[in-house]
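*Asks:* Following this line is structure13.cif, made up of mmCIF, C-alpha atoms:
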data_input
loop_
_atom_site.label_atom_id
_atom_site.label_comp_id
_atom_site.auth_asym_id
_atom_site.auth_seq_id
_atom_site.Cartn_x
_atom_site.Cartn_y
_atom_site.Cartn_z
CA MET A 1 -51.46 -7.59 10.06
CA SER A 2 -51.74 -6.58 6.40
CA ASN A 3 -51.55 -9.04 3.55
CA ILE A 4 -49.25 -8.99 0.52
CA SER A 5 -51.72 -7.25 -1.75
CA GLU A 6 -52.29 -4.43 0.73
CA VAL A 7 -48.67 -3.78 1.69
CA VAL A 8 -47.50 -3.77 -1.93
CA GLN A 9 -50.13 -1.17 -2.80
CA GLN A 10 -49.24 1.00 0.18
CA ALA A 11 -45.53 0.78 -0.50
CA ALA A 12 -45.95 1.51 -4.21
CA GLU A 13 -47.82 4.71 -3.37
CA ILE A 14 -45.05 5.84 -1.01
CA LEU A 15 -42.34 5.09 -3.56
CA GLU A 16 -44.20 6.83 -6.36
CA GLN A 17 -44.66 9.95 -4.22
CA ASN A 18 -40.89 10.01 -3.74
CA GLY A 19 -40.01 9.74 -7.41
CA VAL A 20 -39.00 6.09 -7.58
CA LEU A 21 -39.48 4.68 -11.07
CA GLN A 22 -41.64 1.56 -11.50
CA PRO A 23 -42.82 1.83 -7.88
CA ARG A 24 -45.00 -1.28 -7.89
CA ASN A 25 -42.19 -3.50 -9.18
CA GLU A 26 -39.82 -1.97 -6.66
CA ALA A 27 -42.31 -2.59 -3.86
CA LYS A 28 -42.59 -6.24 -4.86
CA SER A 29 -38.81 -6.64 -4.99
CA LEU A 30 -38.44 -5.09 -1.54
CA LEU A 31 -41.15 -7.36 -0.17
CA CYS A 32 -39.47 -10.46 -1.60
CA LEU A 33 -36.30 -9.35 0.13
CA ALA A 34 -38.08 -8.73 3.43
CA ILE A 35 -39.96 -12.03 3.58
CA GLU A 36 -37.23 -14.04 1.81
CA ARG A 37 -39.55 -15.33 -0.92
CA ASP A 38 -39.66 -14.93 -4.70
CA LYS A 39 -42.20 -13.08 -6.82
CA THR A 40 -43.97 -16.31 -7.70
CA PHE A 41 -44.90 -16.61 -4.02
CA LEU A 42 -46.34 -13.08 -4.06
CA ILE A 43 -48.60 -13.96 -6.96
CA ALA A 44 -49.73 -17.30 -5.58
CA HIS A 45 -50.22 -16.10 -2.01
CA PHE A 46 -51.43 -12.51 -2.33
CA GLU A 47 -53.53 -12.93 0.85
CA TYR A 48 -50.53 -14.04 2.94
CA GLU A 49 -50.33 -11.89 6.08
CA LEU A 50 -46.92 -10.62 7.07
CA THR A 51 -45.57 -11.42 10.52
CA ALA A 52 -44.69 -8.50 12.77
CA ASP A 53 -40.98 -8.93 12.03
CA GLU A 54 -41.57 -9.15 8.27
CA ALA A 55 -43.76 -6.04 8.32
CA ARG A 56 -41.14 -4.14 10.33
CA THR A 57 -38.32 -5.15 7.98
CA PHE A 58 -40.38 -4.32 4.90
CA GLY A 59 -41.26 -0.91 6.32
CA GLN A 60 -37.60 -0.16 6.91
CA PHE A 61 -36.72 -1.20 3.35
CA VAL A 62 -39.47 0.99 1.88
CA GLU A 63 -38.34 3.95 3.98
CA ARG A 64 -34.77 3.57 2.73
CA ARG A 65 -35.84 3.21 -0.90
CA ALA A 66 -38.14 6.23 -0.59
CA LYS A 67 -35.02 8.23 0.26
CA ARG A 68 -33.71 6.96 -3.09
CA GLU A 69 -31.16 4.60 -1.61
CA PRO A 70 -30.50 2.07 -4.40
CA PHE A 71 -32.23 -1.29 -4.13
CA GLN A 72 -28.84 -2.95 -4.55
CA HIS A 73 -27.56 -1.29 -1.36
CA ILE A 74 -30.59 -2.52 0.54
CA ALA A 75 -30.17 -6.04 -0.85
CA GLU A 76 -26.36 -5.77 -0.55
CA LYS A 77 -25.92 -7.55 -3.86
CA GLN A 78 -26.15 -7.13 -7.63
CA GLU A 79 -26.10 -9.65 -10.46
CA PHE A 80 -23.41 -9.06 -13.09
CA TYR A 81 -22.39 -11.33 -15.96
CA GLY A 82 -24.42 -14.16 -14.46
CA LEU A 83 -22.78 -13.92 -11.03
CA ASP A 84 -23.94 -12.42 -7.73
CA PHE A 85 -21.71 -9.70 -6.33
CA VAL A 86 -21.68 -8.11 -2.90
CA VAL A 87 -22.01 -4.33 -3.14
CA SER A 88 -21.86 -1.50 -0.63
CA LYS A 89 -21.67 2.28 -0.44
CA ASP A 90 -17.91 1.94 -0.99
CA VAL A 91 -18.16 0.72 -4.61
CA LEU A 92 -20.05 1.48 -7.79
CA ILE A 93 -23.06 -0.72 -8.41
CA PRO A 94 -22.19 -2.92 -11.42
CA ARG A 95 -24.07 -1.88 -14.55
CA PRO A 96 -24.98 -3.83 -17.69
CA GLU A 97 -22.90 -1.74 -20.11
CA THR A 98 -19.76 -2.70 -18.19
CA GLU A 99 -20.29 -6.31 -19.27
CA LEU A 100 -18.87 -5.22 -22.65
CA ILE A 101 -15.42 -5.15 -21.06
CA VAL A 102 -15.83 -8.68 -19.71
CA GLU A 103 -17.08 -10.07 -23.04
CA ASN A 104 -14.15 -8.64 -24.96
CA ALA A 105 -11.60 -9.55 -22.30
CA ILE A 106 -12.70 -13.19 -22.37
CA GLU A 107 -12.32 -13.21 -26.16
CA ILE A 108 -8.79 -11.78 -25.94
CA LEU A 109 -7.52 -13.92 -23.08
CA SER A 110 -9.11 -17.26 -23.94
CA ILE A 111 -6.64 -17.94 -26.75
CA LEU A 112 -3.57 -17.40 -24.53
CA ASP A 113 -1.78 -20.08 -22.52
CA ARG A 114 -1.31 -18.28 -19.20
CA PRO A 115 -2.89 -14.85 -19.56
CA GLN A 116 -2.20 -12.10 -17.08
CA PHE A 117 -4.30 -8.96 -16.78
CA CYS A 118 -4.63 -5.90 -14.58
CA GLU A 119 -7.69 -3.92 -13.57
CA VAL A 120 -7.26 -0.25 -12.70
CA GLY A 121 -9.92 0.88 -10.23
CA ILE A 122 -11.22 -2.57 -9.38
CA GLY A 123 -14.10 -1.42 -7.16
CA SER A 124 -16.42 -4.34 -6.40
CA GLY A 125 -14.26 -6.61 -8.52
CA CYS A 126 -17.11 -7.39 -10.89
CA ILE A 127 -14.95 -7.06 -14.02
CA ALA A 128 -11.84 -8.91 -12.87
CA VAL A 129 -13.72 -11.62 -10.96
CA SER A 130 -16.02 -12.29 -13.93
CA ILE A 131 -13.03 -12.60 -16.25
CA LEU A 132 -11.19 -14.91 -13.85
CA HIS A 133 -14.31 -17.04 -13.46
CA ASN A 134 -14.61 -17.48 -17.23
CA VAL A 135 -10.91 -17.75 -18.14
CA GLU A 136 -9.73 -20.37 -15.69
CA ASN A 137 -6.02 -20.21 -16.58
CA SER A 138 -5.82 -16.44 -16.09
CA THR A 139 -4.36 -14.40 -13.21
CA ALA A 140 -4.98 -10.78 -12.28
CA ILE A 141 -3.77 -7.80 -10.29
CA GLY A 142 -6.49 -5.46 -9.07
CA LEU A 143 -5.62 -1.85 -8.22
CA ASP A 144 -7.71 0.72 -6.38
CA VAL A 145 -7.08 3.88 -4.42
CA SER A 146 -9.76 2.83 -1.91
CA GLU A 147 -8.91 0.21 0.70
CA LYS A 148 -12.63 -0.24 1.40
CA ALA A 149 -13.27 -1.01 -2.26
CA LEU A 150 -10.44 -3.56 -2.24
CA SER A 151 -12.07 -5.23 0.76
CA VAL A 152 -15.30 -5.64 -1.22
CA ALA A 153 -13.39 -6.99 -4.23
CA LYS A 154 -11.57 -9.47 -1.99
CA ARG A 155 -14.86 -10.71 -0.57
CA ASN A 156 -16.35 -11.18 -4.04
CA ALA A 157 -13.26 -13.02 -5.28
CA GLU A 158 -13.50 -15.37 -2.30
CA ASN A 159 -17.24 -15.92 -2.74
CA ILE A 160 -16.84 -16.81 -6.42
CA GLY A 161 -13.75 -18.92 -5.88
CA VAL A 162 -11.08 -16.98 -7.78
CA SER A 163 -9.19 -15.28 -4.94
CA ALA A 164 -6.14 -17.54 -5.39
CA ARG A 165 -5.63 -16.06 -8.86
CA MET A 166 -6.12 -12.39 -7.95
CA HIS A 167 -3.69 -10.09 -6.14
CA LEU A 168 -4.98 -6.77 -4.78
CA GLU A 169 -3.01 -3.58 -4.14
CA VAL A 170 -3.79 -0.03 -3.01
CA SER A 171 -2.71 2.17 -5.90
CA ASP A 172 -3.52 5.45 -7.61
CA VAL A 173 -3.75 4.22 -11.20
CA PHE A 174 -0.43 2.35 -11.84
CA ASN A 175 1.66 3.97 -9.09
CA VAL A 176 2.30 0.78 -7.09
CA LEU A 177 3.56 -1.14 -10.13
CA THR A 178 7.21 -1.31 -11.16
CA ASP A 179 8.13 -3.54 -14.09
CA GLU A 180 5.00 -5.73 -14.15
CA LYS A 181 3.56 -6.38 -17.60
CA PHE A 182 0.23 -7.82 -18.73
CA ASP A 183 -1.55 -9.19 -21.77
CA LEU A 184 -4.50 -6.93 -21.00
CA ILE A 185 -5.42 -3.89 -18.92
CA VAL A 186 -9.06 -3.22 -18.13
CA SER A 187 -10.69 -0.26 -16.43
CA ASN A 188 -13.98 1.45 -15.71
CA PRO A 189 -12.47 4.76 -14.55
CA PRO A 190 -14.25 7.79 -13.06
CA TYR A 191 -15.25 9.55 -16.27
CA ILE A 192 -18.09 11.91 -15.29
CA ALA A 193 -17.23 15.60 -15.37
CA GLU A 194 -17.65 17.22 -11.96
CA LYS A 195 -20.02 19.80 -13.43
CA ASP A 196 -22.35 17.01 -14.53
CA LEU A 197 -22.75 15.33 -11.13
CA ASP A 198 -25.93 17.26 -10.35
CA THR A 199 -27.58 15.84 -13.47
CA LEU A 200 -27.27 12.25 -12.28
CA GLN A 201 -30.09 10.25 -10.71
CA LYS A 202 -30.28 10.68 -6.94
CA GLU A 203 -29.50 6.97 -6.55
CA VAL A 204 -26.15 7.54 -8.25
CA ARG A 205 -25.33 11.10 -7.17
CA ASP A 206 -26.14 10.62 -3.49
CA PHE A 207 -25.10 7.01 -2.91
CA ASP A 208 -22.31 5.93 -5.29
CA PRO A 209 -18.82 6.96 -4.10
CA HIS A 210 -17.88 10.20 -5.86
CA ILE A 211 -14.27 9.07 -6.17
CA ALA A 212 -15.50 6.30 -8.48
CA LEU A 213 -17.73 8.66 -10.50
CA THR A 214 -15.60 11.71 -11.25
CA ASP A 215 -11.99 12.81 -11.45
CA GLY A 216 -13.07 16.15 -9.98
CA LYS A 217 -12.30 17.78 -13.32
CA ASP A 218 -13.58 17.22 -16.85
CA GLY A 219 -13.94 13.43 -16.57
CA LEU A 220 -11.03 12.80 -18.95
CA SER A 221 -7.91 13.16 -16.81
CA ILE A 222 -7.77 9.60 -15.42
CA ILE A 223 -8.69 8.15 -18.82
CA LYS A 224 -5.71 10.02 -20.30
CA GLU A 225 -3.38 8.83 -17.54
CA ILE A 226 -4.39 5.23 -18.19
CA VAL A 227 -3.90 5.63 -21.95
CA ASP A 228 -0.51 7.31 -21.48
CA LYS A 229 0.88 4.82 -18.94
CA SER A 230 -0.63 1.53 -20.12
CA PRO A 231 2.10 0.87 -22.73
CA GLU A 232 4.67 0.63 -19.91
CA HIS A 233 2.71 -2.29 -18.46
CA LEU A 234 1.61 -4.19 -21.57
CA PHE A 235 3.40 -6.98 -23.37
CA SER A 236 3.89 -6.50 -27.10
CA LYS A 237 0.49 -6.86 -28.81
CA GLY A 238 -1.22 -6.33 -25.45
CA TYR A 239 -4.67 -4.76 -25.20
CA LEU A 240 -6.37 -1.97 -23.29
CA LEU A 241 -10.15 -2.16 -22.71
CA MET A 242 -11.74 0.83 -21.01
CA GLU A 243 -15.26 2.10 -20.41
CA ILE A 244 -15.87 5.75 -21.31
CA GLY A 245 -18.68 8.30 -21.01
CA ILE A 246 -21.45 8.59 -23.57
CA ASP A 247 -20.00 11.70 -25.24
CA GLN A 248 -16.27 11.14 -24.89
CA SER A 249 -15.26 9.01 -27.88
CA TYR A 250 -13.93 11.93 -29.96
CA GLU A 251 -11.72 13.27 -27.17
CA VAL A 252 -10.58 9.78 -26.16
CA LEU A 253 -9.59 8.89 -29.73
CA LYS A 254 -7.20 11.86 -29.80
CA MET A 255 -5.40 10.42 -26.76
CA PHE A 256 -4.24 7.44 -28.83
CA ALA A 257 -2.38 9.56 -31.40
CA GLY A 258 1.16 8.39 -32.02
CA ASN A 259 2.96 5.30 -33.21
CA ILE A 260 2.61 2.98 -30.22
CA TRP A 261 -1.10 2.16 -30.53
CA GLN A 262 -2.84 0.23 -33.29
CA ASP A 263 -6.36 -1.08 -33.95
CA VAL A 264 -8.09 1.59 -31.86
CA SER A 265 -11.86 1.08 -31.98
CA PHE A 266 -15.00 1.83 -30.01
CA ILE A 267 -17.66 -0.67 -29.04
CA ASN A 268 -21.28 0.45 -28.74
CA ASP A 269 -23.72 -0.38 -25.98
CA LEU A 270 -27.24 -1.66 -26.72
CA GLN A 271 -28.37 1.89 -27.48
CA GLY A 272 -25.70 2.30 -30.15
CA ILE A 273 -23.57 4.66 -28.03
CA PRO A 274 -19.76 4.17 -27.99
CA ARG A 275 -19.11 3.04 -24.39
CA MET A 276 -15.82 1.16 -24.58
CA VAL A 277 -12.50 1.81 -26.24
CA LYS A 278 -10.39 -1.14 -27.38
CA ALA A 279 -6.77 -0.62 -28.39
CA ARG A 280 -3.62 -2.67 -28.94
CA ILE A 281 0.04 -1.72 -28.74
CA TYR A 282 2.66 -2.75 -31.27
#
Kindly return the structure encoded in the file as structure tokens.
*Replies:*
Amino acid sequence: MSNISEVVQQAAEILEQNGVLQPRNEAKSLLCLAIERDKTFLIAHFEYELTADEARTFGQFVERRAKREPFQHIAEKQEFYGLDFVVSKDVLIPRPETELIVENAIEILSILDRPQFCEVGIGSGCIAVSILHNVENSTAIGLDVSEKALSVAKRNAENIGVSARMHLEVSDVFNVLTDEKFDLIVSNPPYIAEKDLDTLQKEVRDFDPHIALTDGKDGLSIIKEIVDKSPEHLFSKGYLLMEIGIDQSYEVLKMFAGNIWQDVSFINDLQGIPRMVKARIY
């Protein structure tokens, strides 16, 4: 059998040949997953020899990653806002910039007595579940066109202990709702233009669900539908928080023209790029 030092080197070479960034770090992460140990163990026991089962599992993981399958799919989890979420091929992998929605939602809802919010396109549930976890008197409705995504969101809500305060429904945007109103609507909609899909990393283009990436058009149609229909489902002074693409702020701002919206602003990510729109109705 090969030891840790040898298998990490071999795996890193395979990953590098297949275009995986930071191949040595990726190899170490895959090995930790395969042998169920942390990176401290790898450093302290670099001569540890893998068992036959460990070597077989590690080889399978490396093969999958070399095909550019995301590490998160192999691990079946992703950390987001300090919580561990189950992920699968049926949902977007949670990304750090999306935490902006959670941070601002907590700020808005924490001052209310019994806040109610809705998430459009709930996916893994990372946004809604994180908000519910941090605002303990809040309740939520999560909407998604994908039943498989709703199943993942349900599992995450149960794992994190907020399922009693979250109701899930199959819905194309707001279609399932009637007269329900909320203090806040949140969304990370599919905002990538179809023509730009080929420019994405293979990990995203080939493994994230396309229905969660693009509207099949210019990337703006679902954003506009959410902006247009949100006022019907917001209490007076209610908020909309929505993630947008890196070059969409100008077009999105035009969608808020009219008398019903106030305090429309954009919040930048860590790179200074407007990635979230925040707006309030009268």
*Asks:* Leaving out Val129 of chain A and any residue of its chain fewer than 4 positions from it, which residues lie within 8 Å of it when counting all atoms listed in the file, given as a VMD selection string?
*Replies:* chain A and resid 125 133 156 to 157 160 162
*Asks:* Expressed in Å to a single decimal, how great is the separation between atom CA of Leu213 of chain A and atom CA of Arg165 of chain A?
*Replies:*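 Separating atom CA of Leu213 of chain A from atom CA of Arg165 of chain A is a distance of 27.6 Å.
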*Asks:* Could you spell out the hits of the PyMOL selection byres ((chain A and resi 8-15) around 10) on the shown file, as a PyMOL selection string?
*Replies:* chain A and resi 2-7+16-31+42+46+58-59+61-68
*Asks:* So which residues touch segment 216-229 of chain A within 9 Å, counting only C-alpha atoms, skipping near sequence neighbours fewer than 6 positions away, as a PDB file with C-alpha atoms, in the frame of the given file?
*Replies:*
ATOM      1  CA  VAL A 120      -7.260  -0.250 -12.700  1.00  0.00           C
ATOM      2  CA  VAL A 173      -3.750   4.220 -11.200  1.00  0.00           C
ATOM      3  CA  PHE A 174      -0.430   2.350 -11.840  1.00  0.00           C
ATOM      4  CA  SER A 187     -10.690  -0.260 -16.430  1.00  0.00           C
ATOM      5  CA  PRO A 189     -12.470   4.760 -14.550  1.00  0.00           C
ATOM      6  CA  PRO A 190     -14.250   7.790 -13.060  1.00  0.00           C
ATOM      7  CA  TYR A 191     -15.250   9.550 -16.270  1.00  0.00           C
ATOM      8  CA  ILE A 192     -18.090  11.910 -15.290  1.00  0.00           C
ATOM      9  CA  ALA A 193     -17.230  15.600 -15.370  1.00  0.00           C
ATOM     10  CA  GLU A 194     -17.650  17.220 -11.960  1.00  0.00           C
ATOM     11  CA  LYS A 195     -20.020  19.800 -13.430  1.00  0.00           C
ATOM     12  CA  HIS A 210     -17.880  10.200  -5.860  1.00  0.00           C
ATOM     13  CA  LEU A 240      -6.370  -1.970 -23.290  1.00  0.00           C
ATOM     14  CA  MET A 242     -11.740   0.830 -21.010  1.00  0.00           C
ATOM     15  CA  ILE A 244     -15.870   5.750 -21.310  1.00  0.00           C
ATOM     16  CA  GLY A 245     -18.680   8.300 -21.010  1.00  0.00           C
ATOM     17  CA  GLN A 248     -16.270  11.140 -24.890  1.00  0.00           C
ATOM     18  CA  GLU A 251     -11.720  13.270 -27.170  1.00  0.00           C
ATOM     19  CA  VAL A 252     -10.580   9.780 -26.160  1.00  0.00           C
ATOM     20  CA  MET A 255      -5.400  10.420 -26.760  1.00  0.00           C
ATOM     21  CA  PHE A 256      -4.240   7.440 -28.830  1.00  0.00           C
TER      22      PHE A 256
END
*Asks:* Atom CA of Ser249 of chain A and atom CA of Gln201 of chain A, how far apart in Å?
*Replies:*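 Distance reported for this atom pair: 22.7 Å.
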*Asks:* Please provide as a short mmCIF file (atom, residue, chain, number, x, y, z; two decimals) with C-alpha atoms, keeping the file's coordinate frame all residues within 10 Å of Val176 of chain A, with the sequence filter that same-chain residues fewer than 6 positions apart are discarded (counting all atoms listed in the file).
*Replies:*
data_model
loop_
_atom_site.label_atom_id
_atom_site.label_comp_id
_atom_site.auth_asym_id
_atom_site.auth_seq_id
_atom_site.Cartn_x
_atom_site.Cartn_y
_atom_site.Cartn_z
CA LEU A 143 -5.62 -1.85 -8.22
CA GLU A 169 -3.01 -3.58 -4.14
CA VAL A 170 -3.79 -0.03 -3.01
#
*Asks:* Got a sec to write segment 224-243 of chain A of the block to a file, N, CA and C atoms, as a compact mmCIF listing (two decimals), in the first residue's frame?
*Replies:*
# COMPACT_ATOMS: atom_id res chain seq x y z
N LYS A 224 -36.91 40.19 -13.45
CA LYS A 224 -37.98 41.16 -13.70
C LYS A 224 -39.32 40.66 -13.18
N GLU A 225 -39.59 39.38 -13.35
CA GLU A 225 -40.86 38.83 -12.86
C GLU A 225 -40.95 38.95 -11.34
N ILE A 226 -39.84 38.70 -10.66
CA ILE A 226 -39.82 38.82 -9.20
C ILE A 226 -40.03 40.28 -8.78
N VAL A 227 -39.35 41.20 -9.46
CA VAL A 227 -39.51 42.62 -9.14
C VAL A 227 -40.96 43.06 -9.39
N ASP A 228 -41.53 42.65 -10.50
CA ASP A 228 -42.88 43.08 -10.86
C ASP A 228 -43.95 42.52 -9.92
N LYS A 229 -43.77 41.28 -9.46
CA LYS A 229 -44.83 40.61 -8.69
C LYS A 229 -44.63 40.66 -7.18
N SER A 230 -43.44 41.01 -6.73
CA SER A 230 -43.18 41.05 -5.29
C SER A 230 -44.12 41.99 -4.53
N PRO A 231 -44.44 43.18 -5.07
CA PRO A 231 -45.32 44.08 -4.31
C PRO A 231 -46.66 43.46 -3.93
N GLU A 232 -47.16 42.51 -4.72
CA GLU A 232 -48.43 41.85 -4.40
C GLU A 232 -48.31 41.00 -3.14
N HIS A 233 -47.08 40.63 -2.78
CA HIS A 233 -46.87 39.69 -1.68
C HIS A 233 -46.02 40.27 -0.56
N LEU A 234 -45.94 41.59 -0.51
CA LEU A 234 -45.20 42.25 0.57
C LEU A 234 -46.14 43.13 1.39
N PHE A 235 -45.96 43.08 2.70
CA PHE A 235 -46.63 44.05 3.56
C PHE A 235 -46.09 45.44 3.25
N SER A 236 -46.82 46.46 3.66
CA SER A 236 -46.32 47.83 3.54
C SER A 236 -44.97 47.94 4.25
N LYS A 237 -44.02 48.57 3.61
CA LYS A 237 -42.65 48.73 4.09
C LYS A 237 -41.85 47.43 4.02
N GLY A 238 -42.38 46.43 3.30
CA GLY A 238 -41.66 45.17 3.15
C GLY A 238 -40.50 45.27 2.19
N TYR A 239 -39.55 44.35 2.32
CA TYR A 239 -38.31 44.39 1.56
C TYR A 239 -38.20 43.25 0.54
N LEU A 240 -37.44 43.52 -0.50
CA LEU A 240 -36.98 42.50 -1.44
C LEU A 240 -35.46 42.50 -1.43
N LEU A 241 -34.87 41.32 -1.25
CA LEU A 241 -33.41 41.13 -1.34
C LEU A 241 -33.16 40.08 -2.41
N MET A 242 -32.35 40.43 -3.41
CA MET A 242 -32.15 39.49 -4.51
C MET A 242 -30.72 39.57 -5.05
N GLU A 243 -30.13 38.39 -5.24
CA GLU A 243 -28.80 38.33 -5.86
C GLU A 243 -28.94 38.56 -7.35
